[in-house]
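To be precise, the following lines are target-v9.cif, and they hold mmCIF, C-alpha atoms and all ligand atoms.
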```cif
data_run
#
loop_
_atom_site.label_atom_id
_atom_site.label_comp_id
_atom_site.auth_asym_id
_atom_site.auth_seq_id
_atom_site.Cartn_x
_atom_site.Cartn_y
_atom_site.Cartn_z
CA MET A 1 -1.18 -12.92 8.03
CA SER A 2 -3.33 -12.02 5.07
CA ASN A 3 -6.78 -12.61 6.49
CA GLN A 4 -8.35 -9.15 6.13
CA ALA A 5 -11.34 -10.01 8.28
CA ALA A 6 -9.00 -10.71 11.17
CA THR A 7 -6.66 -7.80 10.58
CA MET A 8 -9.02 -4.84 10.10
CA ARG A 9 -11.80 -3.43 12.22
CA GLN A 10 -14.98 -2.02 10.77
CA GLY A 11 -13.87 1.64 10.59
CA GLY A 12 -10.63 0.81 8.79
CA ARG A 13 -12.30 -1.61 6.39
CA ALA A 14 -15.00 0.92 5.48
CA ALA A 15 -12.42 3.67 4.90
CA MET A 16 -10.26 1.38 2.73
CA ASP A 17 -13.33 0.27 0.74
CA TYR A 18 -14.20 3.92 0.17
CA MET A 19 -10.70 4.67 -1.17
CA ILE A 20 -10.84 1.64 -3.48
CA THR A 21 -14.31 2.48 -4.84
CA LEU A 22 -13.36 6.10 -5.41
CA THR A 23 -10.22 5.16 -7.33
CA GLN A 24 -12.07 2.57 -9.41
CA ALA A 25 -14.64 5.18 -10.37
CA THR A 26 -11.91 7.14 -12.20
CA LYS A 27 -10.83 4.19 -14.39
CA PRO A 28 -13.04 4.96 -17.42
CA LEU A 29 -11.82 8.57 -17.49
CA GLY A 30 -8.48 7.64 -19.08
CA ALA A 31 -10.22 6.67 -22.32
CA VAL A 32 -12.03 10.03 -22.31
CA TRP A 33 -8.70 11.88 -21.92
CA ASN A 34 -7.33 9.95 -24.93
CA LYS A 35 -10.39 10.82 -27.03
CA GLU A 36 -10.15 14.48 -26.11
CA LEU A 37 -6.43 14.61 -26.92
CA ALA A 38 -7.09 12.99 -30.31
CA GLU A 39 -9.89 15.51 -30.98
CA ALA A 40 -7.45 18.31 -30.15
CA GLY A 41 -5.16 16.94 -32.87
CA LEU A 42 -2.47 15.76 -30.47
CA SER A 43 -0.49 12.70 -31.53
CA ASP A 44 3.06 11.38 -31.95
CA GLN A 45 3.36 13.61 -35.01
CA THR A 46 2.18 16.87 -33.39
CA LEU A 47 3.34 16.61 -29.75
CA PRO A 48 6.76 17.98 -28.75
CA ASP A 49 9.63 15.53 -28.13
CA ASN A 50 10.58 17.32 -24.93
CA LEU A 51 8.55 15.80 -22.11
CA ASP A 52 8.28 18.95 -20.01
CA ALA A 53 7.05 20.90 -23.04
CA ARG A 54 4.60 18.06 -23.77
CA HIS A 55 3.16 18.33 -20.23
CA GLY A 56 2.45 22.01 -20.97
CA VAL A 57 0.78 21.33 -24.33
CA ILE A 58 -1.41 18.53 -22.95
CA LYS A 59 -2.36 20.49 -19.83
CA ALA A 60 -3.51 23.37 -22.04
CA ALA A 61 -5.45 20.99 -24.32
CA LEU A 62 -7.27 19.45 -21.33
CA ALA A 63 -7.86 22.76 -19.53
CA ASP A 64 -11.63 22.62 -20.11
CA SER A 65 -11.95 18.83 -19.80
CA ARG A 66 -14.36 17.78 -17.06
CA ALA A 67 -13.01 14.22 -17.25
CA PHE A 68 -9.46 15.48 -16.64
CA ALA A 69 -10.57 17.79 -13.83
CA ILE A 70 -12.47 15.03 -12.03
CA GLY A 71 -9.75 12.40 -12.59
CA SER A 72 -7.04 14.76 -11.36
CA LEU A 73 -9.02 15.80 -8.30
CA ILE A 74 -9.83 12.26 -7.20
CA GLY A 75 -6.34 11.08 -8.14
CA GLU A 76 -4.78 13.80 -6.01
CA PHE A 77 -7.06 12.99 -3.08
CA SER A 78 -6.38 9.23 -3.31
CA SER A 79 -2.63 9.75 -3.63
CA VAL A 80 -2.44 11.77 -0.44
CA GLU A 81 -5.10 9.93 1.52
CA HIS A 82 -4.68 6.19 0.92
CA GLY A 83 -1.56 5.91 3.08
CA ARG A 84 -3.14 7.84 5.97
CA VAL A 85 -6.29 5.71 5.81
CA ALA A 86 -4.20 2.51 5.83
CA GLN A 87 -2.14 3.68 8.81
CA ALA A 88 -5.30 4.63 10.71
CA ALA A 89 -6.78 1.19 9.96
CA PHE A 90 -3.73 -0.35 11.59
CA ASP A 91 -3.79 1.92 14.64
CA GLU A 92 -7.45 1.03 15.21
CA ASN A 93 -6.51 -2.67 15.41
CA ALA A 94 -3.02 -2.44 16.93
CA ASP A 95 -4.05 -4.07 20.22
CA VAL A 96 -4.99 -7.25 18.30
CA LEU A 97 -2.05 -7.24 15.88
CA LEU A 98 0.97 -6.31 17.98
CA PRO A 99 0.91 -9.40 20.26
CA ARG A 100 0.69 -11.61 17.12
CA PHE A 101 3.66 -9.77 15.65
CA ALA A 102 5.78 -10.36 18.77
CA GLU A 103 5.02 -14.07 18.70
CA LEU A 104 5.82 -14.38 14.97
CA GLU A 105 9.06 -12.39 15.20
CA ALA A 106 10.40 -14.61 17.99
CA ARG A 107 9.43 -17.88 16.33
CA GLY A 108 12.20 -18.33 13.68
CA PRO A 109 13.61 -19.78 11.41
CA ALA A 110 14.24 -16.49 9.56
CA THR A 111 16.90 -14.05 10.77
CA LEU A 112 16.93 -10.24 10.69
CA HIS A 113 20.17 -8.24 10.87
CA ALA A 114 19.14 -4.70 11.81
CA ASN A 115 21.68 -1.91 11.31
CA PRO A 116 20.85 1.15 13.42
CA ASP A 117 23.98 2.90 12.06
CA LEU A 118 23.01 2.48 8.41
CA LYS A 119 23.78 5.62 6.38
CA LEU A 120 20.56 6.25 4.48
CA PRO A 121 20.90 7.34 0.85
CA LYS A 122 19.81 10.95 0.18
CA TYR A 123 17.46 9.83 -2.60
CA TRP A 124 15.52 7.68 -0.09
CA ASP A 125 15.84 9.37 3.30
CA GLY A 126 12.81 11.52 4.12
CA VAL A 127 11.26 11.00 0.67
CA TRP A 128 7.54 10.33 0.85
CA PHE A 129 7.41 7.60 -1.80
CA HIS A 130 3.84 7.08 -3.07
CA ARG A 131 3.10 10.28 -1.08
CA THR A 132 2.71 8.13 1.99
CA THR A 133 3.29 10.21 5.11
CA GLY A 134 6.90 9.58 6.17
CA GLY A 135 7.71 7.35 3.18
CA TRP A 136 8.83 3.74 3.69
CA ASP A 137 9.60 4.39 7.37
CA GLY A 138 6.44 6.46 7.90
CA HIS A 139 4.87 4.17 10.50
CA PRO A 140 6.49 1.81 13.02
CA GLU A 141 4.57 -1.04 11.37
CA MET A 142 4.78 0.25 7.80
CA GLY A 143 5.70 -3.24 6.58
CA PHE A 144 2.36 -4.68 7.60
CA VAL A 145 0.43 -1.52 6.70
CA HIS A 146 1.87 -1.42 3.19
CA SER A 147 1.78 -5.15 2.57
CA GLU A 148 -1.69 -6.00 3.85
CA TYR A 149 -3.65 -2.78 3.50
CA VAL A 150 -2.01 -0.81 0.70
CA HIS A 151 -0.65 -3.55 -1.55
CA LYS A 152 -2.90 -6.58 -1.06
CA THR A 153 -6.05 -4.51 -0.55
CA TYR A 154 -5.82 -1.16 -2.35
CA VAL A 155 -3.24 -1.74 -5.13
CA ALA A 156 -4.35 -5.31 -5.93
CA LYS A 157 -7.89 -4.05 -6.62
CA ASN A 158 -6.94 -0.88 -8.49
CA PHE A 159 -4.01 -2.09 -10.57
CA GLY A 160 -4.97 -3.70 -13.86
CA GLY A 161 -3.10 -7.02 -13.56
CA ASP A 162 -2.37 -9.90 -11.19
CA ILE A 163 0.34 -8.23 -9.12
CA PHE A 164 1.42 -11.47 -7.43
CA GLY A 165 1.21 -13.63 -10.58
CA GLN A 166 3.50 -11.11 -12.30
CA ARG A 167 6.15 -11.54 -9.63
CA LYS A 168 6.24 -15.26 -10.37
CA ALA A 169 5.96 -14.85 -14.13
CA VAL A 170 9.15 -12.78 -14.43
CA LEU A 171 11.13 -15.72 -13.07
CA THR A 172 10.25 -17.78 -16.15
CA ARG A 173 12.91 -15.63 -17.89
CA LEU A 174 15.50 -17.75 -16.08
CA GLY A 175 14.50 -20.81 -18.11
CA ASP A 176 15.95 -23.97 -16.53
CA PHE A 177 18.49 -22.09 -14.40
CA VAL A 178 17.98 -23.17 -10.76
CA PRO A 179 19.87 -20.98 -8.28
CA ALA A 180 20.89 -22.43 -4.91
CA ARG A 181 21.78 -19.06 -3.34
CA ILE A 182 19.61 -16.03 -4.07
CA CYS A 183 20.11 -12.41 -3.04
CA GLU A 184 17.14 -10.09 -3.40
CA PHE A 185 17.57 -6.30 -3.48
CA GLY A 186 14.66 -4.21 -2.12
CA THR A 187 12.96 -7.05 -0.23
CA SER A 188 10.41 -4.73 1.36
CA SER A 189 7.71 -6.82 3.08
CA GLY A 190 8.62 -9.90 1.01
CA HIS A 191 6.18 -10.07 -1.90
CA PHE A 192 8.80 -10.93 -4.52
CA THR A 193 10.69 -12.99 -1.93
CA VAL A 194 7.63 -15.25 -1.68
CA ALA A 195 7.69 -15.70 -5.48
CA LEU A 196 11.40 -16.56 -5.33
CA GLN A 197 10.84 -18.99 -2.45
CA GLU A 198 7.91 -20.75 -4.11
CA THR A 199 9.70 -21.00 -7.45
CA PHE A 200 12.98 -22.19 -5.93
CA PRO A 201 11.94 -23.97 -2.71
CA ARG A 202 15.43 -25.36 -2.01
CA ALA A 203 17.23 -22.04 -2.38
CA GLN A 204 18.78 -20.11 0.50
CA ILE A 205 17.34 -16.59 0.23
CA THR A 206 19.05 -13.42 1.47
CA GLY A 207 17.09 -10.17 1.47
CA VAL A 208 18.58 -6.65 1.37
CA GLU A 209 16.35 -3.71 2.28
CA ILE A 210 16.86 -0.24 3.75
CA SER A 211 13.66 0.00 5.82
CA LEU A 212 13.52 -1.89 9.11
CA PRO A 213 9.70 -1.71 9.43
CA MET A 214 9.42 -3.34 5.99
CA LEU A 215 11.93 -6.05 6.90
CA LYS A 216 10.07 -6.84 10.13
CA GLU A 217 7.02 -7.80 8.09
CA ALA A 218 9.20 -9.92 5.78
CA LEU A 219 10.55 -11.66 8.88
CA ARG A 220 7.03 -12.43 10.09
CA VAL A 221 5.96 -13.73 6.66
CA ALA A 222 9.01 -16.01 6.54
CA ASN A 223 8.52 -17.28 10.09
CA ALA A 224 4.80 -17.87 9.56
CA ASN A 225 5.69 -20.15 6.65
CA GLY A 226 8.81 -21.80 8.08
CA TRP A 227 11.14 -20.12 5.55
CA ALA A 228 14.72 -19.42 6.71
CA TRP A 229 15.21 -16.07 4.96
CA ASP A 230 18.34 -14.16 5.97
CA LEU A 231 17.29 -10.50 6.06
CA HIS A 232 19.73 -7.58 6.09
CA GLN A 233 18.99 -3.92 6.68
CA ALA A 234 21.43 -2.50 4.12
CA VAL A 235 21.67 -0.39 0.97
CA ALA A 236 21.67 -2.63 -2.09
CA GLU A 237 24.47 -0.73 -3.89
CA ASP A 238 26.77 -1.38 -0.94
CA SER A 239 25.32 -4.50 0.67
CA GLY A 240 28.34 -5.55 2.71
CA LEU A 241 27.68 -9.19 1.73
CA ALA A 242 30.49 -11.50 0.63
CA ALA A 243 31.72 -11.37 -2.98
CA GLU A 244 30.83 -14.26 -5.30
CA SER A 245 28.43 -15.78 -2.74
CA PHE A 246 25.22 -15.94 -4.85
CA ASP A 247 23.94 -17.66 -7.99
CA LEU A 248 21.13 -15.16 -8.59
CA VAL A 249 20.69 -11.50 -7.67
CA ALA A 250 17.11 -10.37 -8.28
CA SER A 251 14.84 -7.41 -7.65
CA TYR A 252 11.25 -6.37 -8.36
CA ILE A 253 10.25 -2.70 -8.75
CA ILE A 254 13.10 -1.16 -6.78
CA LEU A 255 14.98 0.51 -9.66
CA HIS A 256 12.39 3.24 -10.28
CA GLU A 257 12.88 4.39 -6.69
CA MET A 258 16.49 5.46 -7.22
CA PRO A 259 18.48 7.79 -9.46
CA ALA A 260 20.34 6.39 -12.46
CA GLU A 261 23.67 6.77 -10.73
CA ALA A 262 22.49 4.47 -7.89
CA THR A 263 21.16 1.92 -10.40
CA ARG A 264 24.61 1.79 -12.04
CA ARG A 265 26.20 1.09 -8.66
CA LEU A 266 23.51 -1.49 -7.89
CA PHE A 267 24.31 -3.48 -11.05
CA LYS A 268 28.03 -3.35 -10.17
CA GLU A 269 27.22 -4.65 -6.69
CA ALA A 270 25.13 -7.47 -8.18
CA PHE A 271 28.10 -8.38 -10.38
CA ARG A 272 30.40 -8.43 -7.34
CA LEU A 273 28.02 -10.62 -5.33
CA LEU A 274 27.56 -13.21 -8.07
CA ALA A 275 29.69 -16.31 -8.51
CA PRO A 276 31.05 -16.75 -12.07
CA GLY A 277 28.20 -17.94 -14.29
CA GLY A 278 25.63 -16.39 -11.92
CA ARG A 279 22.58 -14.50 -13.18
CA VAL A 280 21.00 -11.16 -12.49
CA LEU A 281 17.25 -10.57 -13.00
CA MET A 282 15.64 -7.20 -12.34
CA SER A 283 12.07 -6.23 -13.14
CA ASP A 284 10.85 -2.67 -13.17
CA VAL A 285 8.77 -0.03 -14.93
CA THR A 286 8.36 0.10 -18.71
CA PRO A 287 10.91 2.36 -20.39
CA TYR A 288 9.44 5.36 -22.15
CA ARG A 289 11.08 4.33 -25.45
CA ALA A 290 8.55 1.44 -25.61
CA MET A 291 5.54 3.82 -25.48
CA ASP A 292 4.02 6.44 -27.75
CA LYS A 293 4.16 10.09 -26.71
CA ILE A 294 0.77 10.17 -25.00
CA GLY A 295 1.60 6.93 -23.15
CA GLN A 296 4.86 8.49 -21.95
CA TRP A 297 3.05 11.64 -20.82
CA ARG A 298 0.42 9.60 -18.94
CA ALA A 299 3.05 7.47 -17.15
CA ASP A 300 5.03 10.59 -16.27
CA TYR A 301 1.96 12.51 -15.09
CA LEU A 302 0.77 9.62 -12.89
CA ALA A 303 4.29 9.10 -11.50
CA GLN A 304 4.56 12.77 -10.52
CA ARG A 305 1.13 12.77 -8.90
CA GLY A 306 1.76 9.39 -7.26
CA GLY A 307 4.96 10.39 -5.45
CA GLU A 308 7.59 8.72 -7.65
CA PRO A 309 10.47 11.23 -7.81
CA TRP A 310 12.87 8.94 -9.72
CA TRP A 311 10.44 7.35 -12.18
CA ARG A 312 11.35 9.44 -15.23
CA GLU A 313 15.06 8.96 -14.64
CA ALA A 314 14.53 5.19 -14.39
CA ALA A 315 12.19 5.02 -17.38
CA THR A 316 14.71 6.82 -19.60
CA LEU A 317 17.74 4.79 -18.50
CA ASP A 318 19.25 2.24 -20.89
CA LEU A 319 19.42 -0.78 -18.57
CA THR A 320 21.10 -2.98 -21.17
CA GLN A 321 23.97 -0.48 -21.29
CA VAL A 322 24.04 -0.33 -17.48
CA ALA A 323 24.31 -4.14 -17.30
CA ARG A 324 27.00 -4.20 -20.00
CA ASP A 325 29.02 -1.51 -18.21
CA ALA A 326 28.84 -3.58 -15.01
CA GLY A 327 30.42 -6.55 -16.85
CA PHE A 328 27.36 -8.68 -17.63
CA VAL A 329 26.96 -10.69 -20.85
CA ASP A 330 24.05 -12.50 -22.56
CA ILE A 331 21.81 -9.54 -21.70
CA GLU A 332 18.09 -9.81 -22.50
CA GLU A 333 15.68 -6.93 -21.87
CA GLY A 334 11.99 -6.57 -22.67
CA GLY A 335 8.37 -6.94 -21.64
CA LEU A 336 7.16 -10.35 -20.60
CA ASP A 337 5.23 -12.28 -23.27
CA GLY A 338 5.13 -9.28 -25.59
CA ALA A 339 3.42 -7.04 -23.01
CA LEU A 340 4.86 -3.75 -21.81
CA TYR A 341 4.68 -4.76 -18.15
CA PRO A 342 6.31 -6.43 -16.29
CA TRP A 343 9.55 -5.25 -17.91
CA VAL A 344 12.52 -7.52 -17.20
CA ILE A 345 16.26 -7.44 -17.71
CA ASN A 346 18.31 -10.56 -17.13
CA ALA A 347 21.96 -11.25 -17.81
CA LYS A 348 24.87 -13.45 -16.87
CA LYS A 349 28.21 -12.95 -15.14
CA PRO A 350 30.82 -14.57 -17.40
CA ASP A 351 31.94 -18.09 -16.35
C1 LIG B 1 8.35 -0.79 -4.45
S1 LIG B 1 9.15 -1.53 -3.11
C2 LIG B 1 9.66 -3.10 -3.68
C3 LIG B 1 8.73 -4.11 -3.39
C4 LIG B 1 9.09 -5.55 -3.38
N1 LIG B 1 10.31 -5.92 -4.04
C5 LIG B 1 7.90 -6.24 -3.97
O1 LIG B 1 8.04 -7.08 -4.84
O2 LIG B 1 6.79 -5.88 -3.57
C6 LIG B 1 10.70 -0.82 -3.08
C7 LIG B 1 11.49 -1.23 -1.84
O3 LIG B 1 12.87 -1.06 -2.12
C8 LIG B 1 13.48 -0.47 -0.99
N2 LIG B 1 14.67 0.22 -1.47
C9 LIG B 1 14.72 1.33 -2.23
N3 LIG B 1 15.98 1.63 -2.52
C10 LIG B 1 16.75 0.68 -1.95
C11 LIG B 1 18.15 0.43 -1.91
N4 LIG B 1 19.00 1.23 -2.52
N5 LIG B 1 18.61 -0.62 -1.22
C12 LIG B 1 17.73 -1.47 -0.60
N6 LIG B 1 16.40 -1.28 -0.59
C13 LIG B 1 15.91 -0.23 -1.27
C14 LIG B 1 12.42 0.44 -0.41
O4 LIG B 1 12.70 0.75 0.94
C15 LIG B 1 11.17 -0.39 -0.61
O5 LIG B 1 10.91 -1.22 0.47
#
```

Can I see the file as structure tokens?
Ligand SMILES: C[S@@+](CC[C@H](N)C(=O)[O-])C[C@H]1O[C@@H](n2cnc3c(N)ncnc32)[C@H](O)[C@@H]1O
Amino acid sequence: MSNQAATMRQGGRAAMDYMITLTQATKPLGAVWNKELAEAGLSDQTLPDNLDARHGVIKAALADSRAFAIGSLIGEFSSVEHGRVAQAAFDENADVLLPRFAELEARGPATLHANPDLKLPKYWDGVWFHRTTGGWDGHPEMGFVHSEYVHKTYVAKNFGGDIFGQRKAVLTRLGDFVPARICEFGTSSGHFTVALQETFPRAQITGVEISLPMLKEALRVANANGWAWDLHQAVAEDSGLAAESFDLVASYIILHEMPAEATRRLFKEAFRLLAPGGRVLMSDVTPYRAMDKIGQWRADYLAQRGGEPWWREAATLDLTQVARDAGFVDIEEGGLDGALYPWVINAKKPD
């Protein structure tokens, strides 16, 4: 399901290539912004602690910057447009793709438990995450659109690192712990689920995800590979799954898409789901406390422009405290291999 040549027609491929090239052209501008801010005398010593005030000071300092004007303009265009272009690329090729989807969905061995009565959380419902029209449910086949066109095509080329290697790398934090029963929160189209499956091939994997279009793609990925994932359309903080029925509860980049209050409930739910001695492992965005003031501003600016309404709240939350309050022990939190990203927290439910 990841053969781009087979999944995109010429118009869609050209439009996606255009979006990628345009975004890549802005990459060198970040260094120019930094240079200009340094020349304006802005640093950890001179910038305000308050982040909103800092946005104002930096905006004023870059008011005449051509590099900032161009970067902001193209960034704004790409933010709004990449989702539309990806959806149009799908629609152009729907007649080829939809019959393949039907065959894959019926094939098994994975199972999908849809919940048409699911009460959607206010922080998620109707929010256009990533500024994609309609958000996670913005297209009937958003799972495929996001997975194949946005993530594997656009993000993989524009993001600095190996986005799939990172999903596997975070699991090294578990050391020699081998879970037999894994629950994943925020399964989406299954990118981290694949990393879990390949790292722990004997494990039974249960996925929890709000969006049905995303889960349908996860179902197809599992069926295409013969993986018996058990997929549930549910809210992670209130999964409805049986208490003490998992050895590992894991997630990858879901926490920055929810308010702090929901993250606290999510850790409590993970604690409830785990058997004694079980482990939790969550990976998400780098906390602002690990960055200097300009780094914080840049992350915050890009998050606002990129349609991430909960990013700042997540990046300023003390996850170690959240895990401790939920009852976890042996808590470790930090960047992997000394880097700032991926950022991982893992902990244990007492025996
Ligand atoms: C950035 S994606 C995560 C991607 C995926 N884990 C991966 O590795 O690519 C966030 C996903 O979490 C889902 N999500 C957000 N809040 C959720 C919640 N409270 N419960 C379950 N799923 C949630 C979203 O619908 C979305 O599909």

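Note that CA of Val285 in chain A and atom C2 of ligand LIG 1 (chain B) are 11.7 Å apart.
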
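In terms of minimum interatomic distance to ligand LIG 1 (chain B), A:Ala234 ranks closest within A:Ile331, A:Ala234, A:Val96, A:Ala89, counting only C-alpha atoms and all ligand atoms.
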
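Here CA of Ser72 in chain A stands at a distance of 23.7 Å from CA of Asp49 in chain A.
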
Spatial neighbours of Leu171 in chain A, max dist 9 Å, only C-alpha atoms, sep filter under 2 positions, as a count of residues only:
11

Find the residues near Ile20 in chain A: any atom within 8 Å, counting only C-alpha atoms, skip ones fewer than 2 places away on the same chain, and give them as a PyMOL selection string.
chain A and resi 16-18+22-24+154+157-158
